[in-house]
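Shown here: coords.cif, mmCIF, C-alpha atoms and all ligand atoms.
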```
data_run
loop_
_atom_site.label_atom_id
_atom_site.label_comp_id
_atom_site.auth_asym_id
_atom_site.auth_seq_id
_atom_site.Cartn_x
_atom_site.Cartn_y
_atom_site.Cartn_z
CA MET A 14 -91.33 -34.24 -0.70
CA ALA A 15 -88.48 -32.07 0.56
CA LEU A 16 -85.78 -33.53 2.77
CA ARG A 17 -84.91 -31.94 6.09
CA SER A 18 -81.85 -32.58 8.27
CA VAL A 19 -83.19 -33.51 11.69
CA ILE A 20 -81.04 -33.70 14.83
CA GLN A 21 -81.84 -37.05 16.43
CA GLY A 22 -79.28 -37.08 19.21
CA CYS A 23 -76.81 -34.80 21.00
CA GLY A 24 -73.75 -35.73 23.05
CA ALA A 25 -71.02 -34.01 25.02
CA CYS A 26 -67.71 -34.98 26.53
CA LEU A 27 -65.64 -32.88 28.93
CA PRO A 28 -62.20 -33.74 30.30
CA ALA A 29 -62.23 -35.00 33.89
CA GLN A 30 -59.89 -32.28 35.16
CA VAL A 31 -61.61 -29.04 36.24
CA LEU A 32 -59.82 -25.86 37.28
CA ASP A 33 -61.57 -22.86 38.82
CA ASN A 34 -60.16 -19.38 38.26
CA VAL A 35 -58.04 -19.39 41.42
CA GLU A 36 -56.59 -22.84 40.66
CA LEU A 37 -55.79 -21.78 37.08
CA ALA A 38 -54.04 -18.61 38.25
CA GLU A 39 -52.02 -20.57 40.83
CA ARG A 40 -51.02 -23.30 38.39
CA HIS A 41 -49.70 -20.84 35.79
CA GLY A 42 -48.54 -18.05 38.10
CA LEU A 43 -50.97 -15.56 36.51
CA ASP A 44 -51.37 -11.98 37.67
CA THR A 45 -55.18 -12.13 37.69
CA THR A 46 -58.12 -12.53 40.03
CA ASP A 47 -61.29 -14.59 40.16
CA THR A 48 -63.24 -11.32 40.26
CA TRP A 49 -61.65 -9.95 37.06
CA ILE A 50 -62.29 -13.15 35.12
CA ARG A 51 -65.89 -13.48 36.34
CA GLU A 52 -66.80 -9.82 35.82
CA ARG A 53 -65.20 -9.49 32.35
CA SER A 54 -66.16 -12.88 30.93
CA GLY A 55 -68.60 -14.73 33.20
CA ILE A 56 -66.21 -17.68 33.47
CA THR A 57 -65.83 -19.44 36.83
CA ARG A 58 -64.18 -22.73 35.79
CA ARG A 59 -63.07 -24.77 32.79
CA HIS A 60 -62.23 -28.39 31.94
CA MET A 61 -58.66 -29.14 30.89
CA ALA A 62 -57.53 -32.16 28.89
CA GLY A 63 -55.17 -34.56 30.67
CA PRO A 64 -52.33 -36.52 29.03
CA GLY A 65 -54.57 -39.23 27.54
CA GLU A 66 -57.18 -36.83 26.19
CA SER A 67 -57.22 -35.32 22.70
CA ALA A 68 -59.55 -33.84 20.08
CA THR A 69 -60.06 -37.40 18.85
CA SER A 70 -60.81 -39.03 22.20
CA LEU A 71 -63.17 -36.26 23.38
CA GLY A 72 -64.89 -36.02 19.98
CA ALA A 73 -65.34 -39.79 19.71
CA GLU A 74 -66.94 -39.98 23.15
CA ALA A 75 -69.29 -37.05 22.37
CA ALA A 76 -70.22 -38.85 19.12
CA ARG A 77 -70.94 -42.14 20.95
CA ARG A 78 -73.25 -40.26 23.32
CA ALA A 79 -75.05 -38.52 20.43
CA LEU A 80 -75.58 -41.88 18.72
CA ALA A 81 -76.82 -43.41 21.99
CA GLN A 82 -79.34 -40.60 22.47
CA ALA A 83 -80.55 -41.15 18.90
CA GLY A 84 -80.78 -44.91 19.44
CA ALA A 85 -78.45 -45.34 16.46
CA THR A 86 -75.25 -47.30 15.89
CA ALA A 87 -72.02 -46.32 14.13
CA ASP A 88 -72.99 -48.60 11.20
CA GLU A 89 -75.78 -46.15 10.40
CA VAL A 90 -73.44 -43.14 9.99
CA ASP A 91 -72.71 -42.11 6.38
CA CYS A 92 -70.53 -39.09 7.09
CA ILE A 93 -68.53 -37.45 9.90
CA ILE A 94 -67.70 -33.75 9.79
CA VAL A 95 -65.45 -32.43 12.54
CA ALA A 96 -64.89 -28.78 13.36
CA THR A 97 -61.63 -28.24 15.22
CA ALA A 98 -58.69 -25.85 15.40
CA THR A 99 -56.73 -28.28 17.58
CA PRO A 100 -56.56 -31.54 15.60
CA ASP A 101 -54.26 -34.37 16.68
CA ASN A 102 -52.49 -34.21 13.28
CA ALA A 103 -52.41 -31.80 10.35
CA PHE A 104 -53.63 -34.92 8.53
CA PRO A 105 -55.26 -37.37 8.58
CA ALA A 106 -58.34 -35.49 9.67
CA THR A 107 -59.67 -35.85 13.21
CA ALA A 108 -62.86 -37.12 11.55
CA VAL A 109 -61.15 -40.26 10.24
CA HIS A 110 -59.53 -40.90 13.64
CA ILE A 111 -63.01 -40.68 15.14
CA GLN A 112 -64.37 -42.92 12.36
CA ARG A 113 -61.82 -45.57 13.42
CA GLU A 114 -62.56 -45.06 17.14
CA LEU A 115 -66.27 -45.65 16.48
CA GLY A 116 -65.45 -48.88 14.63
CA MET A 117 -66.86 -47.58 11.33
CA THR A 118 -65.67 -49.36 8.19
CA ARG A 119 -67.68 -47.37 5.64
CA GLY A 120 -68.74 -43.77 4.95
CA PHE A 121 -66.38 -40.77 4.88
CA GLY A 122 -65.11 -38.04 7.17
CA PHE A 123 -63.27 -34.74 6.96
CA ASP A 124 -62.45 -31.69 9.09
CA VAL A 125 -63.56 -28.09 8.75
CA SER A 126 -61.45 -25.09 9.79
CA ALA A 127 -63.52 -22.09 10.81
CA ALA A 128 -62.31 -21.59 14.42
CA CYS A 129 -65.12 -20.86 16.90
CA THR A 130 -67.70 -20.80 14.06
CA GLY A 131 -66.57 -24.24 12.91
CA PHE A 132 -69.60 -26.13 14.21
CA ILE A 133 -72.03 -23.83 12.36
CA PHE A 134 -70.01 -24.26 9.14
CA ALA A 135 -69.85 -28.05 9.61
CA LEU A 136 -73.58 -28.25 10.35
CA SER A 137 -74.35 -26.24 7.22
CA ILE A 138 -72.21 -28.58 5.06
CA ALA A 139 -73.87 -31.65 6.59
CA ASP A 140 -77.31 -30.13 5.95
CA SER A 141 -76.45 -29.54 2.27
CA MET A 142 -75.21 -33.12 1.89
CA LEU A 143 -78.26 -34.60 3.56
CA ARG A 144 -80.72 -32.53 1.55
CA SER A 145 -78.93 -33.29 -1.73
CA GLY A 146 -78.97 -37.04 -0.99
CA GLN A 147 -75.17 -37.36 -0.88
CA ALA A 148 -75.51 -38.83 2.60
CA ARG A 149 -78.52 -40.03 4.58
CA SER A 150 -77.04 -39.43 8.03
CA ALA A 151 -74.20 -37.42 9.53
CA LEU A 152 -72.30 -36.92 12.74
CA VAL A 153 -71.28 -33.28 13.20
CA ILE A 154 -68.72 -32.79 15.95
CA GLY A 155 -66.96 -29.80 17.51
CA THR A 156 -63.93 -30.86 19.55
CA GLU A 157 -61.12 -28.77 20.99
CA VAL A 158 -58.09 -28.88 23.29
CA TYR A 159 -57.24 -25.17 23.36
CA SER A 160 -55.22 -25.66 26.56
CA ARG A 161 -52.47 -26.94 24.22
CA ILE A 162 -52.26 -23.75 22.12
CA LEU A 163 -52.48 -21.04 24.79
CA ASP A 164 -49.72 -18.65 25.81
CA TRP A 165 -49.73 -19.00 29.61
CA THR A 166 -47.96 -15.65 29.95
CA ASP A 167 -50.81 -13.82 28.13
CA ARG A 168 -53.33 -13.33 30.94
CA GLY A 169 -55.74 -11.52 28.60
CA THR A 170 -56.46 -14.71 26.64
CA CYS A 171 -55.31 -17.81 28.55
CA VAL A 172 -57.98 -17.44 31.24
CA LEU A 173 -60.80 -17.49 28.66
CA PHE A 174 -60.57 -20.94 27.06
CA GLY A 175 -61.36 -24.53 27.99
CA ASP A 176 -61.38 -28.01 26.44
CA GLY A 177 -64.31 -30.24 25.46
CA ALA A 178 -66.41 -31.71 22.67
CA GLY A 179 -70.02 -31.71 21.53
CA ALA A 180 -71.71 -33.73 18.78
CA VAL A 181 -75.03 -34.10 17.00
CA PHE A 182 -76.34 -36.99 14.91
CA LEU A 183 -78.60 -35.99 12.02
CA ARG A 184 -80.71 -37.90 9.54
CA ALA A 185 -82.36 -36.77 6.33
CA VAL A 186 -86.12 -37.04 6.90
CA GLU A 187 -88.74 -36.53 4.21
CA GLY A 188 -91.46 -33.96 4.75
CA SER A 189 -90.55 -33.26 8.38
CA GLU A 190 -91.67 -30.12 10.20
CA ARG A 191 -88.54 -30.54 12.28
CA GLY A 192 -84.99 -29.96 11.09
CA ILE A 193 -82.56 -27.28 9.96
CA LEU A 194 -84.40 -24.35 8.35
CA SER A 195 -81.34 -22.45 7.13
CA SER A 196 -77.71 -21.60 7.86
CA HIS A 197 -75.96 -18.30 7.13
CA LEU A 198 -72.18 -18.23 6.84
CA HIS A 199 -69.73 -15.32 6.61
CA SER A 200 -66.02 -14.66 6.71
CA ASP A 201 -63.83 -11.58 6.37
CA GLY A 202 -60.13 -12.28 5.88
CA ARG A 203 -59.27 -8.63 6.41
CA GLN A 204 -59.75 -9.30 10.13
CA ALA A 205 -57.46 -12.37 10.21
CA GLY A 206 -54.94 -10.55 12.42
CA ILE A 207 -57.18 -9.96 15.43
CA LEU A 208 -57.69 -13.65 16.34
CA TYR A 209 -55.35 -16.34 15.05
CA VAL A 210 -52.98 -19.17 15.92
CA GLU A 211 -49.29 -18.59 15.18
CA GLY A 212 -48.09 -21.15 12.63
CA THR A 213 -49.84 -24.47 13.20
CA ASP A 214 -49.01 -25.18 16.84
CA GLY A 215 -49.71 -21.83 18.44
CA PRO A 216 -49.88 -19.93 20.56
CA LEU A 217 -53.26 -18.33 20.06
CA ARG A 218 -53.32 -14.54 19.74
CA MET A 219 -56.41 -12.41 20.31
CA ALA A 220 -57.08 -8.68 20.38
CA GLY A 221 -59.99 -9.21 22.76
CA ARG A 222 -61.50 -5.75 22.69
CA GLU A 223 -61.48 -5.66 18.86
CA VAL A 224 -63.07 -9.10 18.61
CA PHE A 225 -65.67 -8.07 21.18
CA LYS A 226 -66.80 -5.12 19.04
CA HIS A 227 -67.11 -7.26 15.91
CA ALA A 228 -68.95 -9.95 17.86
CA VAL A 229 -71.78 -7.72 19.00
CA THR A 230 -72.49 -6.18 15.58
CA LYS A 231 -71.87 -9.21 13.36
CA LEU A 232 -73.85 -11.64 15.50
CA ALA A 233 -76.78 -9.22 15.67
CA ALA A 234 -76.74 -8.90 11.86
CA VAL A 235 -76.54 -12.65 11.16
CA VAL A 236 -79.35 -13.40 13.60
CA ASP A 237 -81.55 -10.87 11.76
CA GLU A 238 -80.51 -12.48 8.46
CA ALA A 239 -81.55 -15.96 9.67
CA LEU A 240 -84.94 -14.77 10.91
CA ALA A 241 -85.65 -12.72 7.76
CA ALA A 242 -84.73 -15.64 5.48
CA ASN A 243 -87.45 -17.69 7.14
CA GLY A 244 -90.02 -14.89 7.42
CA LEU A 245 -89.93 -15.25 11.21
CA ASP A 246 -90.13 -12.63 13.89
CA ARG A 247 -87.68 -12.77 16.83
CA SER A 248 -90.66 -13.61 19.08
CA ALA A 249 -90.81 -17.03 17.36
CA VAL A 250 -87.43 -18.06 18.84
CA ASP A 251 -87.80 -20.46 21.78
CA TRP A 252 -84.10 -20.87 22.55
CA LEU A 253 -80.90 -19.03 21.78
CA VAL A 254 -77.85 -21.32 21.90
CA PRO A 255 -74.99 -18.86 21.39
CA HIS A 256 -71.26 -19.30 21.12
CA GLN A 257 -69.96 -19.26 24.68
CA ALA A 258 -67.13 -16.71 24.58
CA ASN A 259 -68.26 -14.02 27.01
CA ILE A 260 -71.40 -13.60 29.14
CA ARG A 261 -71.58 -9.92 28.16
CA ILE A 262 -71.85 -10.81 24.45
CA ILE A 263 -74.38 -13.56 25.22
CA GLU A 264 -76.56 -11.20 27.28
CA ALA A 265 -76.40 -8.55 24.57
CA MET A 266 -77.70 -11.10 22.04
CA GLY A 267 -80.49 -12.18 24.39
CA ARG A 268 -81.57 -8.54 24.78
CA LYS A 269 -81.41 -8.04 21.01
CA LEU A 270 -83.85 -10.93 20.54
CA ASP A 271 -85.99 -9.78 23.49
CA LEU A 272 -85.54 -13.21 25.03
CA PRO A 273 -85.83 -13.56 28.81
CA PRO A 274 -82.52 -14.82 30.27
CA GLU A 275 -84.03 -18.25 30.99
CA ARG A 276 -84.46 -18.79 27.21
CA VAL A 277 -80.74 -18.26 26.55
CA VAL A 278 -78.50 -21.29 27.12
CA VAL A 279 -75.39 -20.33 29.09
CA THR A 280 -72.48 -22.67 29.77
CA VAL A 281 -69.58 -20.20 29.56
CA ASP A 282 -69.51 -20.04 33.36
CA GLN A 283 -68.81 -23.80 33.59
CA HIS A 284 -66.92 -24.55 30.35
CA ALA A 285 -65.26 -21.23 29.40
CA ASN A 286 -64.78 -20.77 25.63
CA THR A 287 -64.39 -24.19 23.99
CA SER A 288 -64.33 -22.70 20.46
CA ALA A 289 -65.92 -25.06 17.91
CA ALA A 290 -67.20 -27.28 20.74
CA SER A 291 -69.06 -24.52 22.55
CA VAL A 292 -72.35 -24.50 20.59
CA PRO A 293 -72.84 -28.30 20.43
CA LEU A 294 -71.80 -28.58 24.09
CA ALA A 295 -74.37 -25.97 25.13
CA LEU A 296 -77.03 -27.58 22.92
CA SER A 297 -76.29 -30.96 24.42
CA VAL A 298 -76.58 -29.62 27.98
CA ALA A 299 -79.95 -27.95 27.32
CA VAL A 300 -81.35 -30.99 25.48
CA GLY A 301 -80.00 -33.32 28.16
CA ASP A 302 -81.64 -31.46 31.05
CA GLY A 303 -84.97 -31.29 29.22
CA ARG A 304 -85.05 -27.55 28.50
CA ILE A 305 -84.97 -27.85 24.70
CA ARG A 306 -87.74 -30.15 23.45
CA GLN A 307 -88.89 -31.52 20.11
CA GLY A 308 -90.58 -28.82 18.08
CA ASP A 309 -88.80 -25.86 19.75
CA LEU A 310 -87.37 -23.19 17.44
CA VAL A 311 -83.66 -22.96 18.22
CA LEU A 312 -81.21 -20.32 17.03
CA LEU A 313 -77.49 -21.15 17.02
CA GLU A 314 -74.86 -18.45 16.43
CA ALA A 315 -71.09 -18.10 16.64
CA ILE A 316 -68.15 -15.88 15.74
CA GLY A 317 -64.45 -16.66 15.71
CA GLY A 318 -61.07 -16.37 14.03
CA GLY A 319 -61.11 -15.45 10.37
CA LEU A 320 -63.12 -13.59 11.19
CA THR A 321 -65.82 -16.15 10.58
CA TRP A 322 -69.39 -15.89 11.82
CA GLY A 323 -72.71 -17.55 11.19
CA ALA A 324 -76.10 -18.70 12.44
CA THR A 325 -78.37 -21.71 12.04
CA LEU A 326 -82.09 -21.71 12.66
CA LEU A 327 -83.67 -25.10 13.30
CA ARG A 328 -86.80 -26.71 14.62
CA PHE A 329 -85.50 -29.24 17.11
O1 LIG B 1 -64.29 -17.11 20.62
C1 LIG B 1 -63.99 -16.12 19.71
C2 LIG B 1 -64.63 -14.88 20.08
N1 LIG B 1 -63.95 -14.28 21.19
C3 LIG B 1 -64.56 -13.34 21.85
O2 LIG B 1 -65.70 -13.04 21.59
C4 LIG B 1 -63.79 -12.64 22.94
C5 LIG B 1 -64.15 -11.20 22.89
N2 LIG B 1 -63.47 -10.38 23.87
C6 LIG B 1 -63.72 -10.45 25.20
O3 LIG B 1 -64.45 -11.32 25.65
C7 LIG B 1 -63.14 -9.38 26.09
O4 LIG B 1 -62.58 -8.38 25.30
C8 LIG B 1 -62.08 -9.90 27.08
C9 LIG B 1 -62.74 -10.75 28.15
C10 LIG B 1 -61.03 -10.67 26.32
C11 LIG B 1 -61.40 -8.74 27.78
O5 LIG B 1 -62.34 -7.88 28.40
P1 LIG B 1 -62.21 -6.29 28.24
O6 LIG B 1 -63.24 -5.70 29.09
O7 LIG B 1 -62.23 -6.01 26.76
O8 LIG B 1 -60.79 -6.01 28.88
P2 LIG B 1 -59.48 -5.39 28.20
O9 LIG B 1 -58.85 -6.38 27.30
O10 LIG B 1 -59.82 -4.07 27.62
O11 LIG B 1 -58.56 -5.20 29.47
C12 LIG B 1 -58.96 -4.31 30.54
C13 LIG B 1 -57.86 -4.31 31.59
C14 LIG B 1 -56.48 -4.03 31.01
O12 LIG B 1 -55.81 -3.24 31.93
P3 LIG B 1 -55.66 -1.65 31.67
O13 LIG B 1 -54.96 -1.51 30.35
O14 LIG B 1 -57.07 -1.13 31.63
O15 LIG B 1 -54.86 -1.19 32.86
C15 LIG B 1 -55.82 -5.38 30.96
O16 LIG B 1 -54.43 -5.33 31.07
O17 LIG B 1 -57.77 -5.60 32.21
C16 LIG B 1 -56.41 -6.07 32.17
N3 LIG B 1 -56.43 -7.51 32.09
C17 LIG B 1 -56.50 -8.32 33.16
N4 LIG B 1 -56.54 -8.06 34.47
C18 LIG B 1 -56.63 -9.11 35.30
C19 LIG B 1 -56.44 -8.29 30.96
N5 LIG B 1 -56.51 -9.57 31.30
C20 LIG B 1 -56.55 -9.62 32.65
C21 LIG B 1 -56.62 -10.67 33.58
N6 LIG B 1 -56.68 -10.37 34.89
N7 LIG B 1 -56.71 -11.98 33.20
#
```
What does the file become when written as structure tokens?
Ligand code: UT7
Amino acid sequence: MALRSVIQGCGACLPAQVLDNVELAERHGLDTTDTWIRERSGITRRHMAGPGESATSLGAEAARRALAQAGATADEVDCIIVATATPDNAFPATAVHIQRELGMTRGFGFDVSAACTGFIFALSIADSMLRSGQARSALVIGTEVYSRILDWTDRGTCVLFGDGAGAVFLRAVEGSERGILSSHLHSDGRQAGILYVEGTDGPLRMAGREVFKHAVTKLAAVVDEALAANGLDRSAVDWLVPHQANIRIIEAMGRKLDLPPERVVVTVDQHANTSAASVPLALSVAVGDGRIRQGDLVLLEAIGGGLTWGATLLRF
């Protein structure tokens, strides 16, 4: 019987420090307003990592919570895949730091670099490993501290990002109706110059309007691709869990799928754009508050630097 990768637990971890738009502008002396940020992006506040917080510490805590929700222990984890653009070190990978933090003494871990699409890429790799039998369980984590790579004089980008982590714990299950149905990954290196980090430490550079245009068309296309690959109509989708970059892009995707707004998970207002953490964070929030339930058809999508973009369709 075929194996399916089933999400058994989700977890999130946000830094304790929260700044609303006015506090952010005051702290960094920005020439901006709460109204501009809310109207252009939908963001009202974001969490910011403090001195003791890092991609490792936030990711490890999100992973612990995902394991707890699954009723699993770290001994049961075969593989950790971390998506991050803000690792603690160039190497070793954030995944092995998290492996140590969880007290794991077996299995393997590595990081994936696909910017804001990183979680979708990492989830797709985990799914392939679980279905091929290379691992029986996996932690997939998106964790970011973008506050450390922002140019605080660039008001067009620094107001848009936040810090946080989200994680899922998956197991390979035989003959399950639930699980990942398919993932669809894309990149186009010709667009590398419109969203990138200078060198390895930053700052981040983004041509926002250009990225916005790509986001609307590429996300619409990859969502169609995911539905067509599974012979499903958009009416089958119970929940859209989109990358949380901009409320205007999220609403456009909801309209494209004909989903009422209450079927689209939105956290950009509270978390801002947490890059690779944004999709697992949003998923974790909607599972945690009981909106997304076992058996629901869930569509994940994201776009980010690369450009990279992708979608995953799964039965939760
Ligand atoms: O996570 C990866 C994917 N990323 C995205 O999907 C982000 C996509 N892009 C966006 O979300 C939007 O393009 C932004 C939110 C970044 C910007 O919104 P926009 O409607 O495209 O604004 P804009 O960049 O065209 O700027 C409009 C005006 C400009 O002034 P002028 O030239 O019209 O006089 C900017 O200088 O707004 C000005 N502006 C600001 N004003 C107040 C730019 N940033 C700010 C600011 N506060 N923070």
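When all atoms listed in the file are used to measure the gap to Val153 (chain A), the shortest distance among A:Ala108, A:Leu253, A:Leu16, A:Ala180 belongs to A:Ala180.
For the residues A:Ala185, A:Ala265, A:Ala79, A:Leu43, ranking by smallest atom-to-atom distance to Leu143 (chain A) using all atoms listed in the file places A:Ala185 first.
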I'd like a table as a tab-separated table: residues in chain A with an atom no more than 8 Å from ligand LIG 1 (chain B), each row giving the shortest atom pair and its distance in Å to one decimal, only C-alpha atoms and all ligand atoms counted, sorted by chain and rising residue number.
```
residue	atom	partner	partner_atom	distance
A:Leu43	CA	B:LIG1	N7	7.5
A:Asp44	CA	B:LIG1	N6	6.2
A:Thr45	CA	B:LIG1	N6	3.6
A:Thr46	CA	B:LIG1	N6	5.8
A:Trp49	CA	B:LIG1	C18	5.4
A:Ile50	CA	B:LIG1	N7	6.0
A:Arg53	CA	B:LIG1	C9	5.0
A:Ser54	CA	B:LIG1	C9	4.9
A:Ala128	CA	B:LIG1	C1	7.8
A:Cys129	CA	B:LIG1	O1	5.3
A:Asp167	CA	B:LIG1	N5	7.8
A:Arg168	CA	B:LIG1	N7	4.3
A:Gly169	CA	B:LIG1	N5	3.4
A:Thr170	CA	B:LIG1	C10	6.1
A:Cys171	CA	B:LIG1	N7	7.6
A:Val172	CA	B:LIG1	N7	5.9
A:Leu173	CA	B:LIG1	C9	7.0
A:Leu208	CA	B:LIG1	C1	7.6
A:Met219	CA	B:LIG1	C10	7.8
A:Ala220	CA	B:LIG1	O4	7.4
A:Gly221	CA	B:LIG1	O4	3.7
A:Arg222	CA	B:LIG1	O4	3.9
A:Glu223	CA	B:LIG1	O4	7.1
A:Val224	CA	B:LIG1	C5	4.9
A:Phe225	CA	B:LIG1	C5	3.9
A:Lys226	CA	B:LIG1	C5	7.7
A:Ala228	CA	B:LIG1	O2	5.8
A:His256	CA	B:LIG1	O1	7.3
A:Gln257	CA	B:LIG1	O1	7.3
A:Ala258	CA	B:LIG1	O1	4.9
A:Asn259	CA	B:LIG1	O3	4.9
A:Arg261	CA	B:LIG1	O3	7.7
A:Ile262	CA	B:LIG1	O2	7.1
A:Asn286	CA	B:LIG1	O1	6.2
A:Thr287	CA	B:LIG1	O1	7.8
A:Ser288	CA	B:LIG1	O1	5.6
A:Ala315	CA	B:LIG1	O1	7.9
A:Ile316	CA	B:LIG1	C2	5.7
A:Gly317	CA	B:LIG1	C1	4.1
A:Gly318	CA	B:LIG1	C1	6.4
```
Restricting the output to C-alpha atoms, write the selected residues as a PDB file, keeping the file's coordinate frame.
```pdb
ATOM      1  CA  LEU A  43     -50.970 -15.560  36.510  1.00  0.00           C
ATOM      2  CA  ASP A  44     -51.370 -11.980  37.670  1.00  0.00           C
ATOM      3  CA  THR A  45     -55.180 -12.130  37.690  1.00  0.00           C
ATOM      4  CA  THR A  46     -58.120 -12.530  40.030  1.00  0.00           C
ATOM      5  CA  TRP A  49     -61.650  -9.950  37.060  1.00  0.00           C
ATOM      6  CA  ILE A  50     -62.290 -13.150  35.120  1.00  0.00           C
ATOM      7  CA  ARG A  53     -65.200  -9.490  32.350  1.00  0.00           C
ATOM      8  CA  SER A  54     -66.160 -12.880  30.930  1.00  0.00           C
ATOM      9  CA  ALA A 128     -62.310 -21.590  14.420  1.00  0.00           C
ATOM     10  CA  CYS A 129     -65.120 -20.860  16.900  1.00  0.00           C
ATOM     11  CA  ASP A 167     -50.810 -13.820  28.130  1.00  0.00           C
ATOM     12  CA  ARG A 168     -53.330 -13.330  30.940  1.00  0.00           C
ATOM     13  CA  GLY A 169     -55.740 -11.520  28.600  1.00  0.00           C
ATOM     14  CA  THR A 170     -56.460 -14.710  26.640  1.00  0.00           C
ATOM     15  CA  CYS A 171     -55.310 -17.810  28.550  1.00  0.00           C
ATOM     16  CA  VAL A 172     -57.980 -17.440  31.240  1.00  0.00           C
ATOM     17  CA  LEU A 173     -60.800 -17.490  28.660  1.00  0.00           C
ATOM     18  CA  LEU A 208     -57.690 -13.650  16.340  1.00  0.00           C
ATOM     19  CA  MET A 219     -56.410 -12.410  20.310  1.00  0.00           C
ATOM     20  CA  ALA A 220     -57.080  -8.680  20.380  1.00  0.00           C
ATOM     21  CA  GLY A 221     -59.990  -9.210  22.760  1.00  0.00           C
ATOM     22  CA  ARG A 222     -61.500  -5.750  22.690  1.00  0.00           C
ATOM     23  CA  GLU A 223     -61.480  -5.660  18.860  1.00  0.00           C
ATOM     24  CA  VAL A 224     -63.070  -9.100  18.610  1.00  0.00           C
ATOM     25  CA  PHE A 225     -65.670  -8.070  21.180  1.00  0.00           C
ATOM     26  CA  LYS A 226     -66.800  -5.120  19.040  1.00  0.00           C
ATOM     27  CA  ALA A 228     -68.950  -9.950  17.860  1.00  0.00           C
ATOM     28  CA  HIS A 256     -71.260 -19.300  21.120  1.00  0.00           C
ATOM     29  CA  GLN A 257     -69.960 -19.260  24.680  1.00  0.00           C
ATOM     30  CA  ALA A 258     -67.130 -16.710  24.580  1.00  0.00           C
ATOM     31  CA  ASN A 259     -68.260 -14.020  27.010  1.00  0.00           C
ATOM     32  CA  ARG A 261     -71.580  -9.920  28.160  1.00  0.00           C
ATOM     33  CA  ILE A 262     -71.850 -10.810  24.450  1.00  0.00           C
ATOM     34  CA  ASN A 286     -64.780 -20.770  25.630  1.00  0.00           C
ATOM     35  CA  THR A 287     -64.390 -24.190  23.990  1.00  0.00           C
ATOM     36  CA  SER A 288     -64.330 -22.700  20.460  1.00  0.00           C
ATOM     37  CA  ALA A 315     -71.090 -18.100  16.640  1.00  0.00           C
ATOM     38  CA  ILE A 316     -68.150 -15.880  15.740  1.00  0.00           C
ATOM     39  CA  GLY A 317     -64.450 -16.660  15.710  1.00  0.00           C
ATOM     40  CA  GLY A 318     -61.070 -16.370  14.030  1.00  0.00           C
TER      41      GLY A 318
END
```
### Task
For Arg218 (chain A), list every protein, DNA or RNA residue within 9 Å, evaluated using only C-alpha atoms, and leave out those in the same chain fewer than 6 positions away; present the list as a PyMOL selection string.
chain A and resi 163-164+167+170+206-211
### Task
To one decimal in Å, tell me the separation between CA of Cys26 (chain A) and CA of Leu71 (chain A).
5.7 Å
### Query
Nearest to Ala135 (chain A): which of A:Ile193, A:Ala75, A:Ile93, A:Ser160 is it, counting only C-alpha atoms?
A:Ile93
### Task
Kindly indicate which residue among A:Ala87, A:Asp251, A:Gly116, A:Cys92 lies nearest to Pro273 (chain A), using only C-alpha atoms for the distances.
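Nearest candidate to Pro273 (chain A) out of A:Ala87, A:Asp251, A:Gly116, A:Cys92: A:Asp251.
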### Task
Could you check which of A:Leu326, A:Ala299, A:Ala249, A:Leu320 is closest to His197 (chain A), using only C-alpha atoms?
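Under the stated criterion, the closest residue is A:Leu326.
For the atom pair formed by CA of Arg149 (chain A) and CA of Val278 (chain A), the distance is 29.3 Å, given to one decimal.
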## Note on the structure
Of A:Gly24, A:Gly188, A:Gly303, A:Pro100, the one nearest to Thr156 (chain A) when counting all atoms listed in the file is A:Pro100
### Message
With 12 Å as the threshold, what does the neighbourhood of (-61.8, -31.7, 26.5) contain in terms of residues, counting only C-alpha atoms? Coordinates are those of the file; answer as a ChimeraX atom specification.
### Response
/A:25-31,59-75,97,99,155-161,174-179,284-291,294
